[in-house]
Amino acid sequence: MTAGAVPAPKAPGEAPSRFARAGRSRVGDIALTVASGAAILMVLLILVVILGDVVLHGASRLSLKFFFTAPQQGMTEGGIFPALVGTLAMVLLMTVAVVPVGVATAIYLREYAPATSLLTRGVRIAVSNLAGVPSIVFGLFGLGFFVQFVGGGLDRVFHGGTRVWGQPALLWAALTMAVLTLPVVIVATEEALRAVPREFREASLALGATKFQTVISVVLPQAVPGILTGTILAVSRGAGEVAPILFTGVAYFLPKLPRSLHDQFMHLGNHIYVLSTQSPDVDATKPLLYATVLALLLLTFILNLSAVVVRSKMRRRLAGGTP
């Protein structure tokens, strides 16, 4: 182009096409927003309908007698006390078993293991595959490993072959559920550790702390809220899952409470299944069934709420607020 030449004018349709593209983009954004909002409303509507149906048919049956009495008259009368206690005991044992193992595994993967090592890759692949295994498979695993192998071995060594541990029991059910929920705790803990700024680690190491001291005293306290999130998810699944414990410890009907770790127990989820499929009188069982479902939902809500409150207090304390 020679000096003083006038630049070629823009094509007549260029500016309108830019505005047209912007208009189509706004239309797409609006359509996506409407679709997302409709999907959220649909999910909330389904949730409201389910909860409303359960509350409508089960709230009138809730009472202290219902919570503190055993099932009676072919499980058409009475309450859920053995199932409630059994569920709480199993969830507590499951939490005690899964949290230390899950947290230790996540700490190893995030803080110590080389990212490119075959062992680290193998552990991550195993965790991912474990999260996708159907829950009924965990029940078969618990039956074969915990009940027959571990429990049977304990009976042969300490009880002369008498069946004490080599049978479905509260301990084996809790350990099976711990294996089921282990990937949840590992993934949540690893994400919480990843969220801790690297500067915290570098400052601790610069002050002379060892790697172990840095992880225990600096990194882990900062990750506690995230660890509690994983624990909440594990407790929620453990309280409502039924398939893994069918083979490892749950009882069809057991009005007495478990007195030791090798006793069988009743579970709210399995009790709901029994009431809905095995009752000789469906009409007489229906009020008790709805009330049991509502009790399980309330138990899960209370457990989750307790963990959320603890997590919130921990976050405020770490942020420098009032505990």
# chains A, B, ... in the order shown; residues from 1 in each chain; ligands from 1
call {"tool": "select_by_dssp", "arguments": {"residues": "segment 9-105 of chain A", "states": "alpha helix (DSSP H)", "output": "ChimeraX atom specification"}}
result
/A:14-58,64-67,81-105
call {"tool": "closest_atom_pairs", "arguments": {"of": "segment 33-130 of chain A", "to": "segment 271-292 of chain A", "cutoff": "8 Å", "atoms": "only C-alpha atoms", "output": "JSON lines"}}
result
{"residue": "A:Val54", "atom": "CA", "partner": "A:Tyr290", "partner_atom": "CA", "distance": 5.8}
{"residue": "A:Val55", "atom": "CA", "partner": "A:Tyr290", "partner_atom": "CA", "distance": 7.8}
{"residue": "A:His57", "atom": "CA", "partner": "A:Tyr290", "partner_atom": "CA", "distance": 6.0}
{"residue": "A:Gly58", "atom": "CA", "partner": "A:Ala291", "partner_atom": "CA", "distance": 4.0}
{"residue": "A:Ala59", "atom": "CA", "partner": "A:Ala291", "partner_atom": "CA", "distance": 6.4}
{"residue": "A:Arg61", "atom": "CA", "partner": "A:Ala291", "partner_atom": "CA", "distance": 5.9}
{"residue": "A:Leu62", "atom": "CA", "partner": "A:Ala291", "partner_atom": "CA", "distance": 6.3}
{"residue": "A:Gly74", "atom": "CA", "partner": "A:Ser279", "partner_atom": "CA", "distance": 7.8}
{"residue": "A:Met75", "atom": "CA", "partner": "A:Thr285", "partner_atom": "CA", "distance": 7.3}
{"residue": "A:Thr76", "atom": "CA", "partner": "A:Thr285", "partner_atom": "CA", "distance": 5.0}
{"residue": "A:Glu77", "atom": "CA", "partner": "A:Leu288", "partner_atom": "CA", "distance": 7.3}
{"residue": "A:Gly79", "atom": "CA", "partner": "A:Leu288", "partner_atom": "CA", "distance": 7.8}
{"residue": "A:Ile80", "atom": "CA", "partner": "A:Thr292", "partner_atom": "CA", "distance": 7.2}
{"residue": "A:Ala83", "atom": "CA", "partner": "A:His271", "partner_atom": "CA", "distance": 7.1}
call {"tool": "closest_residue", "arguments": {"among": "A:His159, A:Pro225, A:Ser260, A:Met90", "to": "Ala178 of chain A", "atoms": "only C-alpha atoms"}}
result
A:Met90
call {"tool": "closest_residue", "arguments": {"among": "A:Leu92, A:Ala97, A:Leu233, A:Ile30", "to": "Leu305 of chain A", "atoms": "only C-alpha atoms"}}
result
A:Leu233
call {"tool": "atom_distance", "arguments": {"atom1": "atom CA of Leu130 of chain A", "atom2": "atom CA of Glu111 of chain A"}}
result
21.8 Å
